Amino acid sequence: MVPWGGVQKPWLKQNQPYRVYQPQSFASGYGIKGGYGNSYSYGKGSWAQRRPPPAVPSGFQVDPNQRFYGTVLFYHKWRGYGFIEPTPKGSVPVEKVFAYWKNISSDDRFPFLVQGLEVEFSLVQHRDWNRGGSTTLRANNVTLVGGMHIAMQDELDSSQKTFVGGQHLRYTGTLKFFSPRGGFGWVAMDQGYDVDPSVPSELRVDHEEVNAGGQQPSYMQSLAVEFGIYKSQRGQYKVYNMTLPGGHPLTQDALENRISMGLGTYRGEVVIWNARFGYGFIRPDPSVILPQKVSAKLEAQANAARARGRHISEDKLLYFRRADITLGVNVVQNMQVGYQIYIDDKGAGACDITA
């Protein structure tokens, strides 16, 4: 239950994995027996650290291609994490495996699981530096049994939401702005729709109704969108399942017109990595011959930066974000990496980065 009566947002600090809300009677800072501690004050209670997933036995090796089966024990949709019980018991050296929303293969606009769902998954090792560097296991590429993507959102919405004109009726409008930090935005609906006068022309869109293709949505403004409309339990009309026109997800690739330069893998060195803000630059290996389109984009990118007064010491640096790094790879400065290349409206970058 959300202590302040709203929707929990998984990107907020207090809603990150292993955190749980304690009522005021437990918020004295002494912690709770069984793994709680490190209280964080919030209103009339506090956020406390929950017991993290168990560390794996020393010497355990993960085969990333091996698939396991299990049943979802628990999953908190808006916190974005839960646990899977492997079946049969003993197939994995822990009783339950941590599952994070980013590792779910889903066709839903916001990946999630439900208790009791039978799934299959692979494993990755995760080094938890906040827990002394211990190594735990996480489920990766979580799918339905048989490998199909998980898709439950539409069915659940049909039984839980009240729609204006029906679940699949779409409206068009302009996204005035969306703030991922605030977790909401506002949409101005185009004129001419025959809707009840009680439906406002400007509607709030919450984070969970931004269809970003299973990714975290970025800041957006003045963007043409399409959407449905539903009436919340409090009687407010809100945007439902917002996409680009035509139903295309609001992914970073689509917003920036990202175009892949093929599946070829290049080599290079990480020369800048800002872990706090989640971005960096890769210097291609001297032996690498970049496609002509990429070289032209890099030159234009450097010239644009200089025009803004920035000092650019190297022209051929490929930009990348945290989301471009392959799961399980811990990027550090001066690291040798492999990657693929794309171009977009802003220049050229690296993606699918591996060690």
# chains A, B, ... in the order shown; residues from 1 in each chain; ligands from 1
>>> residues_around(residues="A:Gln333", least_positions_apart="3", cutoff="12 Å", atoms="only C-alpha atoms", output="short mmCIF file (atom, residue, chain, number, x, y, z; two decimals) with C-alpha atoms, in the first residue's frame")
data_model
loop_
_atom_site.label_atom_id
_atom_site.label_comp_id
_atom_site.auth_asym_id
_atom_site.auth_seq_id
_atom_site.Cartn_x
_atom_site.Cartn_y
_atom_site.Cartn_z
CA GLY A 268 37.23 0.88 -28.81
CA GLU A 269 38.11 2.37 -25.43
CA VAL A 270 35.89 4.13 -22.91
CA VAL A 271 37.56 7.53 -22.48
CA ILE A 272 34.77 9.19 -20.47
CA TRP A 273 32.21 7.54 -18.17
CA ASN A 274 30.00 9.61 -15.89
CA ALA A 275 28.35 6.96 -13.70
CA TYR A 279 26.56 8.68 -20.05
CA GLY A 280 30.02 8.46 -21.61
CA PHE A 281 32.14 8.47 -24.76
CA ILE A 282 34.05 5.74 -26.60
CA ARG A 283 37.15 6.33 -28.74
CA ASN A 330 30.22 -2.85 -15.53
CA GLN A 336 38.30 -1.93 -23.81
CA VAL A 337 34.84 -2.64 -25.23
#
>>> select_by_dssp(residues="stretch 92-302 of chain A", states="strand (DSSP E or B)", output="ChimeraX atom specification")
/A:97-100,104,106,118-128,134-144,150,162-163,171-179,184-189,202-206,210,220-231,237-243,259-260,266-274,279-284
>>> closest_residue(among="A:Phe121, A:Tyr193, A:Asp107, A:Met261", to="A:Gly173", atoms="only C-alpha atoms")
A:Tyr193
>>> closest_residue(among="A:Ile229, A:Ile289, A:Ile259, A:Ile325", to="A:Ile343", atoms="only C-alpha atoms")
A:Ile259
>>> residues_around(residues="A:Ile150", least_positions_apart="5", cutoff="9 Å", atoms="only C-alpha atoms", output="MDAnalysis selection string")
chainID A and resid 104:108 111:113 142:144
>>> residues_around(residues="A:Tyr339", least_positions_apart="3", cutoff="8 Å", atoms="only C-alpha atoms", output="number ranges by chain")
A: 265-268, 350-354
>>> write_last_selection(atoms="C-alpha atoms", output="tab-separated table (two decimals), in the first residue's frame")
chain	number	residue	atom	x	y	z
A	265	THR	CA	30.84	-5.11	-33.86
A	266	TYR	CA	33.58	-2.50	-33.49
A	267	ARG	CA	36.34	-2.14	-30.91
A	268	GLY	CA	37.23	0.88	-28.81
A	350	ALA	CA	27.53	3.39	-29.59
A	351	CYS	CA	25.06	0.75	-28.39
A	352	ASP	CA	25.01	-2.94	-27.37
A	353	ILE	CA	28.28	-2.33	-25.52
A	354	THR	CA	30.10	-5.45	-24.28
>>> atom_distance(atom1="atom CA of A:Val164", atom2="atom CA of A:Val199")
8.8 Å
>>> closest_atom_pairs(of="stretch 146-256 of chain A", to="stretch 99-103 of chain A", cutoff="12 Å", atoms="only C-alpha atoms", output="JSON lines")
{"residue": "A:His149", "atom": "CA", "partner": "A:Asn103", "partner_atom": "CA", "distance": 11.6}
{"residue": "A:Ile150", "atom": "CA", "partner": "A:Asn103", "partner_atom": "CA", "distance": 11.6}
{"residue": "A:Gly213", "atom": "CA", "partner": "A:Lys102", "partner_atom": "CA", "distance": 11.1}
{"residue": "A:Gly214", "atom": "CA", "partner": "A:Lys102", "partner_atom": "CA", "distance": 7.5}
{"residue": "A:Gln215", "atom": "CA", "partner": "A:Lys102", "partner_atom": "CA", "distance": 7.5}
{"residue": "A:Gln216", "atom": "CA", "partner": "A:Lys102", "partner_atom": "CA", "distance": 9.1}
>>> write_last_selection(atoms="C-alpha atoms", output="PDB file, in the first residue's frame")
ATOM      1  CA  HIS A 149       6.910 -12.232 -24.381  1.00  0.00           C
ATOM      2  CA  ILE A 150       4.756 -11.397 -21.387  1.00  0.00           C
ATOM      3  CA  GLY A 213       8.336   0.181 -25.249  1.00  0.00           C
ATOM      4  CA  GLY A 214       9.407  -1.153 -21.865  1.00  0.00           C
ATOM      5  CA  GLN A 215      12.026   1.565 -21.355  1.00  0.00           C
ATOM      6  CA  GLN A 216      12.105   4.524 -19.014  1.00  0.00           C
TER       7      GLN A 216
END
>>> select_by_dssp(residues="stretch 226-271 of chain A", states="helix (DSSP H, G or I)", output="ChimeraX atom specification")
/A:252-255
>>> write_last_selection(atoms="C-alpha atoms", output="PDB file, in the first residue's frame")
ATOM      1  CA  GLN A 252      14.485   7.261 -27.315  1.00  0.00           C
ATOM      2  CA  ASP A 253      15.354   5.657 -30.647  1.00  0.00           C
ATOM      3  CA  ALA A 254      12.074   6.777 -32.201  1.00  0.00           C
ATOM      4  CA  LEU A 255      12.245  10.284 -30.740  1.00  0.00           C
TER       5      LEU A 255
END
>>> atom_distance(atom1="atom CA of A:Pro86", atom2="atom CA of A:Ala323")
27.8 Å
>>> closest_atom_pairs(of="stretch 147-255 of chain A", to="stretch 57-79 of chain A", cutoff="12 Å", atoms="only C-alpha atoms", output="Markdown table")
| residue | atom | partner | partner_atom | distance |
| --- | --- | --- | --- | --- |
| A:Gly147 | CA | A:Arg67 | CA | 9.7 |
| A:Gln153 | CA | A:Lys77 | CA | 11.2 |
| A:Gly183 | CA | A:Trp78 | CA | 11.8 |
| A:Asp206 | CA | A:Trp78 | CA | 12.0 |
| A:His207 | CA | A:Trp78 | CA | 10.1 |
| A:Glu208 | CA | A:Trp78 | CA | 8.3 |
| A:Glu209 | CA | A:Trp78 | CA | 11.9 |
>>> closest_residue(among="A:Leu317, A:Ala355, A:Leu244, A:Leu263", to="A:Ile341", atoms="only C-alpha atoms")
A:Leu263
>>> closest_residue(among="A:Phe177, A:Val56, A:Glu314, A:Ser260", to="A:Gln340", atoms="only C-alpha atoms")
A:Ser260
>>> residues_around(residues="A:Asp157", least_positions_apart="6", cutoff="10 Å", atoms="only C-alpha atoms", output="MDAnalysis selection string")
chainID A and resid 163 167 230 240
>>> closest_residue(among="A:Asp190, A:Asp285, A:Glu226, A:Glu85", to="A:Arg138", atoms="only C-alpha atoms")
A:Glu85
